[in-house]
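**Q** Okay, here's the structure, questions in a sec.
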Amino acid sequence: MRSFKVNNMNEIEIPIENVNQILAHAQSAAGSEICGFIAAKNGKINRVYPVVNVASSPACFYRMDEKQQIDTMRKMRESGEELFGIYHSHPSSGAVPSEVDIKEAAYPEAVYFIVSLNTVGVLEMRAFYLKDSLMKELELSVIA
Ligand SMILES: [Zn+2]
C-alpha cells in the first residue's frame with residue numbers, strides 16, 4: 001500500500017492547500033476531534049477526504065464512520081490514488097498521539113497526522129508512523 005519506504009524517509013511534503021483544508025476542518029468542529037484520509041497519487045500527497053467522526057465522546061476520541069471509510073477507499077482507487085495517511089485533531093491537547101491513538105492505529109502502513117487546536121492562532125500539525133508499537137515522528141514540510 002505504501003509506495004515509499006518510511007525507514008528511509010525523514011521528511012514528508014504536504015501541499016499548503018491540503019494543510020489549510022485539514023485546519024479548516026478542525027476549526028469547523030471546535031471542541032470535537034475531526035478525522036479523515038489523506039490520499040497520494042504517484043507517491044505525493046494529492047487530496048484530503050474528511051470522514052465523519054462517530055465516536056461517542058468526540059471531544060477526546062475519533063472513530064471513522066465505517067461506511068464512509070469504505071466509500072472513500074473506493075473513491076481513492078477509482079481516482080488512481082492510494083492511502084497515504086490518516087489525520088485527526090486534538091481540540092485541547094498537543095499534536096502528539098495519545099495512548100488510544102497508538103493502540104487503535106488501524107492502518108499500520110499509513111502516516112498519522114495530528115492537528116492541535118490547543119494553541120490559539122498557531123497551527124500545530126505533526127506526522128507520525130507506527131514502528132514496533134511506537135509512534136515515530138516524521139519531519140513535515142509544507143510546500144506551495
Ligand atoms: Zn488523538
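Residues in the C-alpha cells are named by chain (A, B, ... in the order shown) and by number from 1 within that chain; ligands are numbered from 1 in the order shown.
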Which parts of chain A does DSSP call strand (DSSP E) when run on the backbone here, written out as a ChimeraX atom specification?
**A** /A:11-15,35-41,44-51,82-90,111-116,124-131,134-143
**Q** From a backbone DSSP assignment, name each residue in segment 51-117 of chain A labelled helix (DSSP H, G or I), as a VMD selection string.
**A** chain A and resid 66 to 78 99 to 103
**Q** Would you write out those residues with C-alpha atoms, as a PDB file, in the first residue's frame?
**A**
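Output below, filename part.pdb:
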```pdb
ATOM      1  CA  GLU A  66     -17.318   2.789   8.630  1.00  0.00           C
ATOM      2  CA  LYS A  67     -19.421   3.150   5.515  1.00  0.00           C
ATOM      3  CA  GLN A  68     -17.765   6.430   4.647  1.00  0.00           C
ATOM      4  CA  GLN A  69     -14.354   4.816   5.124  1.00  0.00           C
ATOM      5  CA  ILE A  70     -15.216   2.113   2.613  1.00  0.00           C
ATOM      6  CA  ASP A  71     -16.730   4.608   0.178  1.00  0.00           C
ATOM      7  CA  THR A  72     -13.668   6.852   0.439  1.00  0.00           C
ATOM      8  CA  MET A  73     -11.286   3.954  -0.151  1.00  0.00           C
ATOM      9  CA  ARG A  74     -13.256   3.108  -3.279  1.00  0.00           C
ATOM     10  CA  LYS A  75     -13.150   6.734  -4.472  1.00  0.00           C
ATOM     11  CA  MET A  76      -9.379   6.723  -3.982  1.00  0.00           C
ATOM     12  CA  ARG A  77      -8.964   3.547  -6.003  1.00  0.00           C
ATOM     13  CA  GLU A  78     -11.171   4.924  -8.767  1.00  0.00           C
ATOM     14  CA  GLU A  99      -2.228   6.031  24.086  1.00  0.00           C
ATOM     15  CA  VAL A 100      -5.534   5.220  22.395  1.00  0.00           C
ATOM     16  CA  ASP A 101      -4.258   6.666  19.111  1.00  0.00           C
ATOM     17  CA  ILE A 102      -1.347   4.243  19.226  1.00  0.00           C
ATOM     18  CA  LYS A 103      -3.394   1.259  20.352  1.00  0.00           C
TER      19      LYS A 103
END
```
**Q** List as CSV every residue of chain A that is in contact with ligand 1, defined as an atom at most 7 Å from one of its atoms (using only C-alpha atoms and all ligand atoms), together with the nearest atom pair and the distance in Å rounded to one decimal, sorted by chain and then rising number.
**A**
```
residue,atom,partner,partner_atom_place_in_ligand_line,distance
A:Phe61,CA,ligand 1,1 (Zn),6.3
A:His88,CA,ligand 1,1 (Zn),6.5
A:Ser89,CA,ligand 1,1 (Zn),6.5
A:His90,CA,ligand 1,1 (Zn),5.9
A:Pro97,CA,ligand 1,1 (Zn),5.2
A:Ser98,CA,ligand 1,1 (Zn),5.2
A:Asp101,CA,ligand 1,1 (Zn),5.1
A:Ile114,CA,ligand 1,1 (Zn),6.9
```
**Q** Go ahead and save the picked residues with C-alpha atoms, as an mmCIF file, in the first residue's frame.
**A**
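Generated file (selection_38.cif):
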```cif
data_model
loop_
_atom_site.group_PDB
_atom_site.id
_atom_site.type_symbol
_atom_site.label_atom_id
_atom_site.label_comp_id
_atom_site.auth_asym_id
_atom_site.auth_seq_id
_atom_site.Cartn_x
_atom_site.Cartn_y
_atom_site.Cartn_z
ATOM 1 C CA PHE A 61 -11.648 10.326 20.575
ATOM 2 C CA HIS A 88 -7.316 13.815 13.206
ATOM 3 C CA SER A 89 -7.405 16.772 15.555
ATOM 4 C CA HIS A 90 -6.815 17.314 19.235
ATOM 5 C CA PRO A 97 -0.505 10.591 19.640
ATOM 6 C CA SER A 98 -2.500 9.553 22.706
ATOM 7 C CA ASP A 101 -4.258 6.666 19.111
ATOM 8 C CA ILE A 114 -2.339 15.180 14.182
#
```
**Q** Excluding segment 131-142 of chain A and its own-chain neighbours fewer than 4 positions away, which residues fall within 12 Å of it when counting only C-alpha atoms? Please give them as a PyMOL selection string.
**A** chain A and resi 6-20+45+95-114+123-127
**Q** Could those residues be written to a file, using N, CA and C atoms, as a short mmCIF file (atom, residue, chain, number, x, y, z; two decimals), in the first residue's frame?
**A**
```
data_model
loop_
_atom_site.label_atom_id
_atom_site.label_comp_id
_atom_site.auth_asym_id
_atom_site.auth_seq_id
_atom_site.Cartn_x
_atom_site.Cartn_y
_atom_site.Cartn_z
N VAL A 6 9.29 4.07 4.55
CA VAL A 6 9.27 5.08 5.61
C VAL A 6 10.57 5.06 6.41
N ASN A 7 11.24 3.93 6.44
CA ASN A 7 12.50 3.86 7.19
C ASN A 7 13.58 4.75 6.60
N ASN A 8 13.46 4.97 5.29
CA ASN A 8 14.47 5.79 4.62
C ASN A 8 13.99 7.23 4.46
N MET A 9 12.83 7.51 5.02
CA MET A 9 12.23 8.81 4.76
C MET A 9 12.10 9.56 6.07
N ASN A 10 12.72 10.70 6.15
CA ASN A 10 12.60 11.50 7.35
C ASN A 10 11.65 12.66 7.15
N GLU A 11 11.31 12.93 5.90
CA GLU A 11 10.56 14.13 5.61
C GLU A 11 9.37 13.84 4.71
N ILE A 12 8.25 14.47 5.04
CA ILE A 12 7.06 14.37 4.20
C ILE A 12 6.75 15.75 3.67
N GLU A 13 6.42 15.81 2.40
CA GLU A 13 5.99 17.08 1.83
C GLU A 13 4.48 17.08 1.70
N ILE A 14 3.87 18.13 2.24
CA ILE A 14 2.41 18.24 2.14
C ILE A 14 2.06 19.61 1.57
N PRO A 15 1.24 19.65 0.51
CA PRO A 15 0.87 20.93 -0.09
C PRO A 15 0.09 21.81 0.89
N ILE A 16 0.35 23.09 0.84
CA ILE A 16 -0.29 24.02 1.77
C ILE A 16 -1.80 23.99 1.63
N GLU A 17 -2.27 23.74 0.42
CA GLU A 17 -3.71 23.65 0.16
C GLU A 17 -4.34 22.56 1.04
N ASN A 18 -3.67 21.43 1.14
CA ASN A 18 -4.19 20.32 1.93
C ASN A 18 -4.09 20.61 3.43
N VAL A 19 -3.01 21.28 3.82
CA VAL A 19 -2.87 21.69 5.23
C VAL A 19 -4.03 22.60 5.60
N ASN A 20 -4.33 23.56 4.72
CA ASN A 20 -5.41 24.51 5.00
C ASN A 20 -6.77 23.81 5.09
N ILE A 45 1.31 13.51 -1.83
CA ILE A 45 0.02 13.84 -1.25
C ILE A 45 -0.80 14.64 -2.25
N ALA A 95 -0.22 18.09 19.71
CA ALA A 95 -0.25 17.28 18.48
C ALA A 95 0.65 16.05 18.60
N VAL A 96 0.40 15.28 19.65
CA VAL A 96 1.14 14.02 19.81
C VAL A 96 0.12 12.90 20.01
N PRO A 97 0.46 11.69 19.55
CA PRO A 97 -0.51 10.59 19.64
C PRO A 97 -0.82 10.23 21.10
N SER A 98 -2.10 10.03 21.38
CA SER A 98 -2.50 9.55 22.71
C SER A 98 -2.26 8.04 22.76
N GLU A 99 -2.38 7.49 23.96
CA GLU A 99 -2.23 6.03 24.09
C GLU A 99 -3.25 5.30 23.22
N VAL A 100 -4.48 5.84 23.21
CA VAL A 100 -5.53 5.22 22.39
C VAL A 100 -5.20 5.33 20.91
N ASP A 101 -4.65 6.49 20.51
CA ASP A 101 -4.26 6.67 19.11
C ASP A 101 -3.29 5.57 18.69
N ILE A 102 -2.36 5.25 19.56
CA ILE A 102 -1.35 4.24 19.23
C ILE A 102 -1.98 2.85 19.20
N LYS A 103 -2.79 2.59 20.24
CA LYS A 103 -3.39 1.26 20.35
C LYS A 103 -4.36 0.98 19.21
N GLU A 104 -5.07 2.04 18.77
CA GLU A 104 -6.12 1.82 17.77
C GLU A 104 -5.69 2.22 16.37
N ALA A 105 -4.40 2.39 16.16
CA ALA A 105 -3.92 2.73 14.82
C ALA A 105 -4.22 1.56 13.88
N ALA A 106 -5.27 1.74 13.09
CA ALA A 106 -5.80 0.60 12.31
C ALA A 106 -5.09 0.42 10.98
N TYR A 107 -4.33 1.41 10.58
CA TYR A 107 -3.65 1.33 9.28
C TYR A 107 -2.14 1.44 9.50
N PRO A 108 -1.49 0.31 9.76
CA PRO A 108 -0.06 0.38 10.10
C PRO A 108 0.80 0.92 8.96
N GLU A 109 0.26 0.93 7.75
CA GLU A 109 1.04 1.44 6.62
C GLU A 109 0.91 2.96 6.48
N ALA A 110 -0.02 3.54 7.21
CA ALA A 110 -0.33 4.95 6.99
C ALA A 110 0.51 5.87 7.87
N VAL A 111 0.62 7.11 7.42
CA VAL A 111 1.24 8.15 8.25
C VAL A 111 0.10 8.82 9.03
N TYR A 112 0.31 9.02 10.32
CA TYR A 112 -0.71 9.63 11.17
C TYR A 112 -0.40 11.10 11.38
N PHE A 113 -1.33 11.94 10.92
CA PHE A 113 -1.19 13.38 11.05
C PHE A 113 -2.08 13.85 12.20
N ILE A 114 -1.54 14.65 13.07
CA ILE A 114 -2.34 15.18 14.18
C ILE A 114 -2.24 16.70 14.20
N LEU A 123 -0.89 27.06 14.14
CA LEU A 123 -1.16 25.73 13.60
C LEU A 123 -0.07 24.79 14.07
N GLU A 124 -0.50 23.75 14.73
CA GLU A 124 0.47 22.74 15.08
C GLU A 124 0.03 21.43 14.43
N MET A 125 0.81 20.99 13.47
CA MET A 125 0.50 19.73 12.83
C MET A 125 1.77 18.90 12.79
N ARG A 126 1.65 17.66 13.24
CA ARG A 126 2.81 16.77 13.25
C ARG A 126 2.44 15.44 12.63
N ALA A 127 3.43 14.72 12.17
CA ALA A 127 3.19 13.46 11.46
C ALA A 127 3.99 12.34 12.12
#
```
**Q** I'd like a table as JSON lines: residues in segment 46-130 of chain A with an atom no more than 7 Å from segment 23-32 of chain A, each row giving the shortest atom pair and its distance in Å to one decimal, only C-alpha atoms counted, sorted by chain and rising residue number.
**A**
```
{"residue": "A:Pro58", "atom": "CA", "partner": "A:Ser32", "partner_atom": "CA", "distance": 5.1}
{"residue": "A:Ala59", "atom": "CA", "partner": "A:Ser32", "partner_atom": "CA", "distance": 4.2}
{"residue": "A:Ser89", "atom": "CA", "partner": "A:Ala26", "partner_atom": "CA", "distance": 6.1}
{"residue": "A:Pro91", "atom": "CA", "partner": "A:Gly31", "partner_atom": "CA", "distance": 5.4}
```
**Q** Deliver the residues from the most recent selection as a file, using all heavy atoms, as a PDB file, in the first residue's frame.
**A**
```
ATOM      1  N   PRO A  58     -16.704  12.476  21.146  1.00  0.00           N
ATOM      2  CA  PRO A  58     -15.869  13.072  20.079  1.00  0.00           C
ATOM      3  C   PRO A  58     -14.892  14.131  20.585  1.00  0.00           C
ATOM      4  O   PRO A  58     -13.980  14.510  19.855  1.00  0.00           O
ATOM      5  CB  PRO A  58     -16.894  13.660  19.105  1.00  0.00           C
ATOM      6  CG  PRO A  58     -18.131  13.848  19.904  1.00  0.00           C
ATOM      7  CD  PRO A  58     -18.126  12.780  20.956  1.00  0.00           C
ATOM      8  N   ALA A  59     -15.083  14.610  21.824  1.00  0.00           N
ATOM      9  CA  ALA A  59     -14.151  15.599  22.353  1.00  0.00           C
ATOM     10  C   ALA A  59     -12.778  14.988  22.590  1.00  0.00           C
ATOM     11  O   ALA A  59     -11.762  15.688  22.560  1.00  0.00           O
ATOM     12  CB  ALA A  59     -14.691  16.206  23.648  1.00  0.00           C
ATOM     13  N   SER A  89      -7.758  15.579  14.790  1.00  0.00           N
ATOM     14  CA  SER A  89      -7.405  16.772  15.555  1.00  0.00           C
ATOM     15  C   SER A  89      -7.468  16.490  17.041  1.00  0.00           C
ATOM     16  O   SER A  89      -8.163  15.572  17.486  1.00  0.00           O
ATOM     17  CB  SER A  89      -8.365  17.917  15.205  1.00  0.00           C
ATOM     18  OG  SER A  89      -9.674  17.606  15.640  1.00  0.00           O
ATOM     19  N   PRO A  91      -8.549  18.871  19.988  1.00  0.00           N
ATOM     20  CA  PRO A  91      -9.052  20.217  20.297  1.00  0.00           C
ATOM     21  C   PRO A  91      -8.376  20.838  21.514  1.00  0.00           C
ATOM     22  O   PRO A  91      -8.242  22.053  21.589  1.00  0.00           O
ATOM     23  CB  PRO A  91     -10.544  19.988  20.572  1.00  0.00           C
ATOM     24  CG  PRO A  91     -10.863  18.657  19.989  1.00  0.00           C
ATOM     25  CD  PRO A  91      -9.600  17.854  20.040  1.00  0.00           C
TER      26      PRO A  91
END
```
**Q** Mind checking which residues fall within 7 Å of Met64 of chain A, counting only C-alpha atoms, ignoring those fewer than 6 positions away in the same chain, and posting them as a PyMOL selection string?
**A** chain A and resi 35+51-54
**Q** Give me, please, the distance in Å between atom CA of Leu130 of chain A and atom CA of Tyr87 of chain A, quoted to one decimal.
**A** 13.9 Å
**Q** Could you please determine the separation between atom CA of Arg63 of chain A and atom CA of Tyr49 of chain A in Å, to one decimal place?
**A**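 According to the coordinates, atom CA of Arg63 of chain A and atom CA of Tyr49 of chain A are separated by 14.6 Å.
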**Q** How far is it from atom CA of Glu81 of chain A to atom CA of Asn46 of chain A, in Å with one decimal?
**A**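 These atoms are spaced 7.9 Å apart.
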